[in-house]
$ cat work-v6.txt   # compact mmCIF, C-alpha atoms
# COMPACT_ATOMS: atom_id res chain seq x y z
CA MET S 9 2.94 23.73 101.60
CA LEU S 10 -0.83 24.09 101.43
CA VAL S 11 -0.87 24.65 105.20
CA TYR S 12 -0.45 28.34 104.32
CA TYR S 13 -3.68 28.23 102.35
CA MET S 14 -5.56 28.07 105.64
CA ASP S 15 -3.99 31.36 106.68
CA PHE S 16 -5.04 32.86 103.33
CA ILE S 17 -8.64 32.68 104.57
CA ARG S 18 -7.84 36.00 106.27
CA PHE S 19 -7.59 37.61 102.84
CA MET S 20 -10.99 36.55 101.58
CA ARG S 21 -13.40 39.31 100.71
CA ARG S 22 -16.11 39.90 103.31
CA ASP S 23 -18.82 42.45 103.95
CA ARG S 24 -17.33 43.42 107.30
CA TYR S 25 -13.98 43.81 109.04
CA ILE S 26 -13.29 41.28 111.80
CA PRO S 27 -10.52 42.52 114.14
CA ASN S 28 -10.67 39.56 116.54
CA PRO S 29 -11.93 36.56 114.57
CA ASN S 30 -13.09 33.42 116.35
CA VAL S 31 -11.37 30.49 114.66
CA LEU S 32 -12.00 26.79 115.27
CA GLN S 33 -9.37 24.32 114.09
CA ILE S 34 -10.34 20.64 114.07
CA GLY S 35 -7.12 18.63 113.87
CA ILE S 36 -3.77 20.33 114.28
CA GLY S 37 -1.27 18.34 112.22
CA VAL S 38 2.17 19.68 113.13
CA GLY S 39 0.72 23.08 113.96
CA ILE S 40 2.19 25.12 111.10
CA SER S 41 -1.10 26.60 109.93
CA ALA S 42 -2.12 27.53 113.48
CA ARG S 43 1.31 28.98 114.23
CA THR S 44 1.27 31.03 111.03
CA THR S 45 -2.17 32.42 111.75
CA LEU S 46 -1.28 33.37 115.32
CA GLY S 47 1.99 34.91 114.13
CA ASN S 48 0.32 37.08 111.51
CA ALA S 49 -2.90 37.79 113.41
CA PRO S 50 -2.15 37.58 117.16
CA THR S 51 -5.62 38.90 118.06
CA THR S 52 -7.20 35.74 116.65
CA ASN S 53 -9.26 33.78 119.17
CA LEU S 54 -8.12 30.30 118.18
CA THR S 55 -9.61 27.08 119.57
CA ILE S 56 -7.88 23.83 118.63
CA ILE S 57 -9.65 20.48 118.90
CA GLU S 58 -7.31 17.49 118.66
CA LEU S 59 -8.10 13.88 119.54
CA ASP S 60 -4.49 12.85 120.20
CA PRO S 61 -2.74 14.85 122.97
CA THR S 62 0.67 13.65 121.73
CA VAL S 63 0.15 15.50 118.45
CA TYR S 64 -0.38 18.76 120.31
CA LYS S 65 2.67 18.17 122.54
CA PHE S 66 4.88 17.56 119.48
CA ALA S 67 3.54 20.67 117.75
CA ARG S 68 4.40 22.72 120.83
CA LYS S 69 7.82 21.14 121.35
CA TYR S 70 9.16 20.75 117.83
CA PHE S 71 7.17 23.16 115.63
CA GLU S 72 6.98 26.21 117.90
CA LEU S 73 3.20 26.30 118.22
CA PRO S 74 2.29 29.08 120.68
CA GLU S 75 0.15 28.23 123.66
CA THR S 76 -3.51 28.56 122.78
CA ASN S 77 -6.99 27.35 123.72
CA TYR S 78 -6.69 23.61 123.23
CA ARG S 79 -9.00 20.71 124.02
CA VAL S 80 -8.46 16.95 123.76
CA MET S 81 -11.76 15.92 122.21
CA ASP S 82 -13.41 14.29 119.23
CA GLY S 83 -14.03 16.99 116.63
CA ARG S 84 -17.51 15.84 115.75
CA ARG S 85 -18.63 15.70 119.34
CA TYR S 86 -17.32 19.23 119.86
CA VAL S 87 -19.29 20.78 117.01
CA GLU S 88 -22.42 18.86 117.98
CA GLU S 89 -22.24 20.27 121.51
CA CYS S 90 -21.09 23.77 120.52
CA GLU S 91 -23.41 26.77 120.50
CA ALA S 92 -24.63 28.05 117.14
CA GLY S 93 -23.11 31.02 115.31
CA VAL S 94 -19.81 31.17 117.21
CA TYR S 95 -17.02 30.99 114.62
CA ASP S 96 -15.89 33.29 111.83
CA VAL S 97 -13.60 30.58 110.45
CA VAL S 98 -13.48 26.79 110.79
CA VAL S 99 -10.33 24.93 109.72
CA HIS S 100 -10.82 21.20 109.16
CA ASP S 101 -7.52 19.29 108.89
CA VAL S 102 -7.85 15.66 110.00
CA PHE S 103 -5.86 13.79 107.36
CA THR S 104 -3.78 10.97 108.82
CA GLY S 105 -1.95 7.95 107.48
CA GLY S 106 -3.37 8.08 103.97
CA GLU S 107 -6.99 8.24 105.13
CA VAL S 108 -9.40 10.53 106.97
CA PRO S 109 -11.93 9.71 109.70
CA ARG S 110 -14.98 9.28 107.49
CA GLU S 111 -17.48 10.37 110.16
CA LEU S 112 -15.89 13.83 110.00
CA TYR S 113 -16.78 14.16 106.30
CA SER S 114 -20.46 13.25 106.29
CA LEU S 115 -23.28 15.60 105.41
CA GLU S 116 -24.44 15.55 109.02
CA MET S 117 -20.99 16.69 110.15
CA TRP S 118 -20.91 19.57 107.64
CA ARG S 119 -24.39 20.67 108.69
CA GLN S 120 -23.14 20.89 112.28
CA VAL S 121 -20.09 22.85 111.13
CA ARG S 122 -22.34 25.24 109.22
CA ARG S 123 -24.48 25.65 112.35
CA VAL S 124 -21.55 26.72 114.58
CA MET S 125 -20.31 29.21 111.95
CA LYS S 126 -21.49 32.82 111.81
CA HIS S 127 -23.71 33.79 108.90
CA ASP S 128 -20.67 34.86 106.85
CA GLY S 129 -18.32 32.22 108.23
CA ILE S 130 -15.75 30.48 106.04
CA LEU S 131 -14.73 26.83 106.14
CA GLY S 132 -11.30 25.56 105.04
CA VAL S 133 -10.85 21.81 104.50
CA ASN S 134 -7.60 19.96 103.85
CA PHE S 135 -7.98 16.75 101.84
CA VAL S 136 -5.55 14.43 100.07
CA GLY S 137 -6.63 12.75 96.85
CA SER S 138 -6.67 12.97 93.07
CA LEU S 139 -9.08 15.03 91.04
CA THR S 140 -10.56 11.90 89.50
CA SER S 141 -11.01 9.71 92.60
CA LYS S 142 -14.41 8.79 93.97
CA ALA S 143 -13.24 9.84 97.42
CA THR S 144 -12.49 13.39 96.29
CA LYS S 145 -15.63 13.68 94.20
CA SER S 146 -17.86 12.46 97.01
CA VAL S 147 -16.31 14.87 99.53
CA ILE S 148 -16.76 17.83 97.17
CA LYS S 149 -20.32 16.81 96.30
CA THR S 150 -21.22 16.57 99.98
CA LEU S 151 -19.74 19.99 100.78
CA ARG S 152 -21.59 21.54 97.84
CA SER S 153 -24.81 20.07 99.21
CA VAL S 154 -24.40 22.08 102.40
CA PHE S 155 -22.58 25.26 101.29
CA LYS S 156 -23.66 27.57 98.50
CA TYR S 157 -20.15 28.67 97.52
CA VAL S 158 -17.29 26.15 97.23
CA SER S 159 -13.84 26.53 95.67
CA VAL S 160 -11.05 23.96 95.39
CA TYR S 161 -7.32 24.63 95.20
CA SER S 162 -4.68 22.06 94.32
CA GLU S 163 -1.11 21.78 95.52
CA PRO S 164 1.10 23.42 92.87
CA GLN S 165 3.05 20.82 90.87
CA ARG S 166 6.34 21.98 89.35
CA ASP S 167 7.03 18.59 87.81
CA GLU S 168 4.98 18.11 84.64
CA SER S 169 4.62 14.38 85.35
CA LEU S 170 2.82 15.16 88.62
CA ARG S 171 0.17 17.36 87.01
CA HIS S 172 -1.89 14.43 85.75
CA PRO S 173 -5.39 14.53 87.30
CA ASP S 174 -4.92 10.99 88.67
CA THR S 175 -1.94 12.14 90.75
CA VAL S 176 -2.60 12.20 94.49
CA ARG S 177 -2.06 15.69 95.85
CA ASN S 178 -3.06 18.03 98.68
CA LEU S 179 -6.33 19.82 98.07
CA VAL S 180 -7.80 22.72 100.03
CA VAL S 181 -11.53 23.36 99.83
CA TYR S 182 -13.03 26.70 100.86
CA ALA S 183 -16.77 26.93 101.55
CA SER S 184 -19.20 29.66 102.58
CA ASN S 185 -22.87 30.54 102.38
CA ALA S 186 -22.40 34.33 102.32
CA LEU S 187 -20.25 35.33 99.35
CA PRO S 188 -18.48 33.64 96.43
CA ILE S 189 -14.89 32.72 97.33
CA SER S 190 -12.51 35.49 96.23
CA PHE S 191 -9.39 37.14 97.62
CA ARG S 192 -8.12 40.67 98.10
CA ASP S 193 -4.49 41.78 98.24
CA PRO S 194 -3.20 41.65 101.85
CA SER S 195 -1.74 44.74 103.46
CA ALA S 196 1.83 44.82 104.76
CA SER S 197 0.61 44.69 108.36
CA GLU S 198 -1.25 41.44 107.67
CA VAL S 199 1.78 39.44 106.59
CA VAL S 200 4.25 39.88 109.44
CA GLU S 201 5.53 36.32 109.82
CA VAL S 202 6.08 35.10 106.28
CA SER S 203 8.67 32.97 104.54
CA ARG S 204 9.71 32.77 100.92
CA MET S 205 7.51 29.67 100.61
CA TYR S 206 4.53 31.61 102.00
CA VAL S 207 4.94 34.33 99.36
CA GLU S 208 5.42 31.74 96.63
CA MET S 209 2.23 29.90 97.61
CA TRP S 210 0.28 33.17 97.60
CA ASN S 211 1.56 34.03 94.13
CA LEU S 212 0.46 30.61 92.86
CA MET S 213 -3.09 30.86 94.22
CA GLU S 214 -4.79 31.71 90.93
CA GLU S 215 -2.84 29.03 89.10
CA SER S 216 -3.77 26.45 91.75
CA LYS S 217 -7.51 26.94 91.48
CA VAL S 218 -9.35 23.84 90.25
CA ASP S 219 -12.04 24.11 87.57
CA LEU S 220 -15.02 22.98 89.64
CA GLN S 221 -17.34 22.53 86.67
CA LYS S 222 -14.80 20.46 84.73
CA TRP S 223 -13.89 18.00 87.48
CA PHE S 224 -16.94 17.94 89.73
CA GLY S 225 -19.86 19.04 87.58
CA LYS S 226 -22.74 21.22 88.66
CA ARG S 227 -23.75 21.85 92.24
CA PRO S 228 -26.31 19.21 93.34
CA SER S 229 -29.83 20.38 92.52
CA GLY S 230 -31.85 21.43 95.53
CA ALA S 231 -28.70 21.48 97.63
CA ASP S 232 -29.63 22.73 101.06
CA GLY S 233 -28.08 20.26 103.44
CA LYS S 234 -31.02 17.85 103.23
CA VAL S 235 -30.82 14.26 102.10
CA LYS S 236 -33.45 12.66 99.96
CA GLY S 237 -34.76 9.29 101.00
CA GLY S 238 -35.06 7.72 104.41
CA ASN S 239 -38.00 7.46 106.73
CA GLY S 240 -39.10 10.94 107.82
CA ASN S 241 -41.14 9.43 110.65
CA VAL S 242 -37.99 8.63 112.59
CA GLY S 243 -36.56 12.15 112.34
CA PHE S 244 -37.87 13.14 115.75
CA PHE S 245 -36.20 10.13 117.40
CA TRP S 246 -32.71 11.22 116.27
CA ARG S 247 -33.22 14.62 117.91
CA THR S 248 -33.84 13.05 121.31
CA GLU S 249 -31.01 12.35 123.76
CA VAL S 250 -31.42 8.57 123.31
CA GLY S 251 -31.40 9.00 119.54
CA LYS S 252 -28.17 11.02 119.68
CA ILE S 253 -26.49 8.30 121.75
CA VAL S 254 -27.62 5.52 119.37
CA LYS S 255 -26.53 7.54 116.35
CA ARG S 256 -23.09 8.21 117.85
CA PHE S 257 -22.71 4.48 118.54
CA LEU S 258 -23.61 3.52 114.98
CA VAL S 259 -21.20 6.05 113.52
CA GLY S 260 -18.40 4.62 115.67
CA VAL S 261 -19.05 0.94 114.93
CA LYS S 262 -15.87 -0.78 113.78
CA ASP S 263 -15.36 -1.45 110.09
CA GLU S 264 -15.53 -5.24 110.52
CA PHE S 265 -19.20 -4.80 111.42
CA GLU S 266 -19.89 -2.53 108.46
CA ASP S 267 -22.54 -4.79 106.89
CA LEU S 268 -24.44 -5.01 110.18
CA ARG S 269 -24.28 -1.27 110.63
CA ASP S 270 -25.55 -0.65 107.09
CA GLU S 271 -28.49 -2.96 107.70
CA VAL S 272 -29.37 -1.14 110.93
CA TRP S 273 -29.18 2.21 109.12
CA ARG S 274 -31.47 0.87 106.40
CA ILE S 275 -34.05 -0.33 108.93
CA VAL S 276 -34.16 2.98 110.80
CA GLY S 277 -34.52 4.96 107.61
CA PHE S 278 -31.11 6.36 106.69
CA GLY S 279 -30.56 4.60 103.37
CA SER S 280 -29.13 1.26 102.36
CA GLY S 281 -25.49 2.18 102.89
CA LYS S 282 -24.55 0.18 99.79
CA ASP S 283 -22.21 1.48 97.11
CA ASP S 284 -23.98 1.22 93.74
CA GLY S 285 -20.99 2.53 91.81
CA LYS S 286 -22.16 6.14 91.77
CA VAL S 287 -20.62 8.99 93.70
CA GLU S 288 -23.23 10.01 96.23
CA VAL S 289 -23.50 12.54 99.01
CA ILE S 290 -21.75 11.09 102.07
CA THR S 291 -24.08 10.55 105.00
CA ASP S 292 -23.81 8.75 108.32
CA GLY S 293 -26.01 6.01 106.92
CA ASN S 294 -24.27 5.78 103.56
CA ASN S 295 -20.57 6.50 104.02
CA PRO S 296 -18.36 4.67 101.50
CA LEU S 297 -15.42 7.03 102.05
CA ARG S 298 -13.16 4.38 103.53
CA LYS S 299 -13.76 2.13 100.52
CA TYR S 300 -13.22 5.01 98.11
CA GLN S 301 -9.96 5.99 99.81
CA ARG S 302 -8.19 2.66 99.49
CA GLU S 303 -6.74 3.44 96.08
CA SER S 304 -5.57 6.95 96.98
CA SER S 305 -4.20 5.66 100.30
CA GLU S 306 -2.03 3.14 98.49
CA LYS S 307 -0.78 5.84 96.11
CA HIS S 308 -0.04 8.13 99.06
CA TRP S 309 2.05 5.53 100.85
CA ARG S 310 3.95 4.68 97.68
CA MET S 311 4.83 8.37 97.37
CA MET S 312 5.96 8.49 101.01
CA GLN S 313 8.11 5.38 100.51
CA GLU S 314 9.86 7.13 97.65
CA LEU S 315 10.61 10.12 99.89
CA PHE S 316 12.04 8.11 102.81
CA PRO S 317 14.00 4.83 102.87
CA THR S 318 12.49 1.55 104.10
CA GLU S 319 14.55 1.77 107.30
CA PHE S 320 12.71 4.96 108.24
CA TRP S 321 9.29 3.32 108.04
CA TRP S 322 10.41 0.27 110.04
CA SER S 323 11.31 2.61 112.89
CA PHE S 324 8.30 4.91 112.42
$ encode --input "work-v6.txt" --output "structure tokens"
Amino acid sequence: MLVYYMDFIRFMRRDRYIPNPNVLQIGIGVGISARTTLGNAPTTNLTIIELDPTVYKFARKYFELPETNYRVMDGRRYVEECEAGVYDVVVHDVFTGGEVPRELYSLEMWRQVRRVMKHDGILGVNFVGSLTSKATKSVIKTLRSVFKYVSVYSEPQRDESLRHPDTVRNLVVYASNALPISFRDPSASEVVEVSRMYVEMWNLMEESKVDLQKWFGKRPSGADGKVKGGNGNVGFFWRTEVGKIVKRFLVGVKDEFEDLRDEVWRIVGFGSGKDDGKVEVITDGNNPLRKYQRESSEKHWRMMQELFPTEFWWSF
């Protein structure tokens, strides 16, 4: 139940006390993490951005999500249009059906997220993959290119056979530019609405931490949110209103036109978009995440088929 790990962000060490934190949640899932946060910290100013209104309705009806500030909107568009320096915490949870919307994991997206965060803001990202997959490695590398401090936590595995690094599991990534990621002990008043599972997950935090150096290497040199390569002469164009519209169109082009899109990106100076076998920083112009995720997606669905009978999926 790594959904509780998003609530644990409240226990991270900071230089200041935040009585009424502004929290942005992109993607709601079934609403457990949002419900837990509001239950334990009712003074939280929570804004939920969800593309599918049905998801929000189900979270309200079946998972007891309290009424909160909610908007039906594309998460990327929201952060691009949002004012700078608004949020103390950003929760990014957009996993669906074995894959994630790749445009929500590009370097450009994370730079926008960093922009809307306060100077000491913290980002929490939910991702599903193995420690050895290209998809996971590329996501972590991209985040480390934008944020100075990044930590990864893996879903605790009681079964020894599931602890293999190739096993697909839930991962939570914390990122910040202010302080290294570390936790303090919560006070009794901070954990009002907790279950046995919540306490168990908290007690397993240290054990769940992933060795960043071992699995993902060093932080990219010169990491500052900038991408090497590309034609700098076209940078001004992308900051214009017309450029923003064209860029949004290219990001949203359907996968069957991927080769055409890559060629357009190459011409306008955002890289070739071709996968040369290396794990690179994910950008709008070079985003192989969908290709990287195919293997982990298949593993994920095989796991789900073992949990539920075939009849369930036929009626899903």
$ closest_residue --input "work-v6.txt" --among "S:Ala67, S:Leu115, S:Ile26, S:Met213" --to "Ser146 (chain S)" --atoms "only C-alpha atoms"
S:Leu115
$ closest_residue --input "work-v6.txt" --among "S:Asp128, S:Asp82, S:Glu116, S:Asp174" --to "Ile34 (chain S)" --atoms "all atoms listed in the file"
S:Asp82
$ closest_residue --input "work-v6.txt" --among "S:Arg204, S:Leu10, S:Pro228, S:Tyr300" --to "Leu179 (chain S)" --atoms "only C-alpha atoms"
S:Leu10
$ atom_distance --input "work-v6.txt" --atom1 "CA of Leu187 (chain S)" --atom2 "CA of Arg21 (chain S)"
8.0 Å
$ atom_distance --input "work-v6.txt" --atom1 "CA of Thr51 (chain S)" --atom2 "CA of Asn28 (chain S)"
5.3 Å
$ closest_residue --input "work-v6.txt" --among "S:Met125, S:Ile57, S:Met209, S:Leu112" --to "Glu91 (chain S)" --atoms "only C-alpha atoms"
S:Met125
$ residues_near_point --input "work-v6.txt" --point "(-16.4, 20.7, 117.5)" --cutoff "12 Å" --atoms "all atoms listed in the file" --output "MDAnalysis selection string"
chainID S and resid 31:35 55:59 78:92 94:95 98:100 112 117:125
$ closest_residue --input "work-v6.txt" --among "S:Phe71, S:Tyr206, S:Phe19, S:Tyr113" --to "Val289 (chain S)" --atoms "all atoms listed in the file"
S:Tyr113
$ closest_residue --input "work-v6.txt" --among "S:Val97, S:Val158, S:Val250, S:Ala143" --to "Glu288 (chain S)" --atoms "all atoms listed in the file"
S:Ala143
$ residues_around --input "work-v6.txt" --residues "Pro164 (chain S)" --least-positions-apart "2" --cutoff "8 Å" --atoms "all atoms listed in the file" --output "list in words"
Ser162, Arg166, Leu212, Glu215 and Ser216 of chain S
$ write_last_selection --input "work-v6.txt" --atoms "C-alpha atoms" --output "PDB file, in the coordinates of the input"
ATOM      1  CA  SER S 162      -4.680  22.060  94.320  1.00  0.00           C
ATOM      2  CA  ARG S 166       6.340  21.980  89.350  1.00  0.00           C
ATOM      3  CA  LEU S 212       0.460  30.610  92.860  1.00  0.00           C
ATOM      4  CA  GLU S 215      -2.840  29.030  89.100  1.00  0.00           C
ATOM      5  CA  SER S 216      -3.770  26.450  91.750  1.00  0.00           C
TER       6      SER S 216
END
$ atom_distance --input "work-v6.txt" --atom1 "CA of Ser159 (chain S)" --atom2 "CA of Tyr182 (chain S)"
5.3 Å
$ residues_around --input "work-v6.txt" --residues "Val287 (chain S)" --least-positions-apart "4" --cutoff "10 Å" --atoms "all atoms listed in the file" --output "PDB file with C-alpha atoms, in the coordinates of the input"
ATOM      1  CA  SER S 141     -11.010   9.710  92.600  1.00  0.00           C
ATOM      2  CA  LYS S 142     -14.410   8.790  93.970  1.00  0.00           C
ATOM      3  CA  ALA S 143     -13.240   9.840  97.420  1.00  0.00           C
ATOM      4  CA  THR S 144     -12.490  13.390  96.290  1.00  0.00           C
ATOM      5  CA  LYS S 145     -15.630  13.680  94.200  1.00  0.00           C
ATOM      6  CA  SER S 146     -17.860  12.460  97.010  1.00  0.00           C
ATOM      7  CA  VAL S 147     -16.310  14.870  99.530  1.00  0.00           C
ATOM      8  CA  LYS S 149     -20.320  16.810  96.300  1.00  0.00           C
ATOM      9  CA  THR S 150     -21.220  16.570  99.980  1.00  0.00           C
ATOM     10  CA  ASP S 283     -22.210   1.480  97.110  1.00  0.00           C
ATOM     11  CA  PRO S 296     -18.360   4.670 101.500  1.00  0.00           C
ATOM     12  CA  TYR S 300     -13.220   5.010  98.110  1.00  0.00           C
TER      13      TYR S 300
END
$ residues_around --input "work-v6.txt" --residues "Lys65 (chain S)" --least-positions-apart "2" --cutoff "12 Å" --atoms "all atoms listed in the file" --output "PyMOL selection string"
chain S and resi 36-39+58-63+67-75+78+80
$ axis_aligned_box --input "work-v6.txt" --around "region 150-154 of chain S" --padding-each-side "6 Å" --output "lines of an AutoDock Vina configuration file"
center_x = -22.3
center_y = 19.3
center_z = 100.1
size_x = 17.1
size_y = 17.5
size_z = 16.6
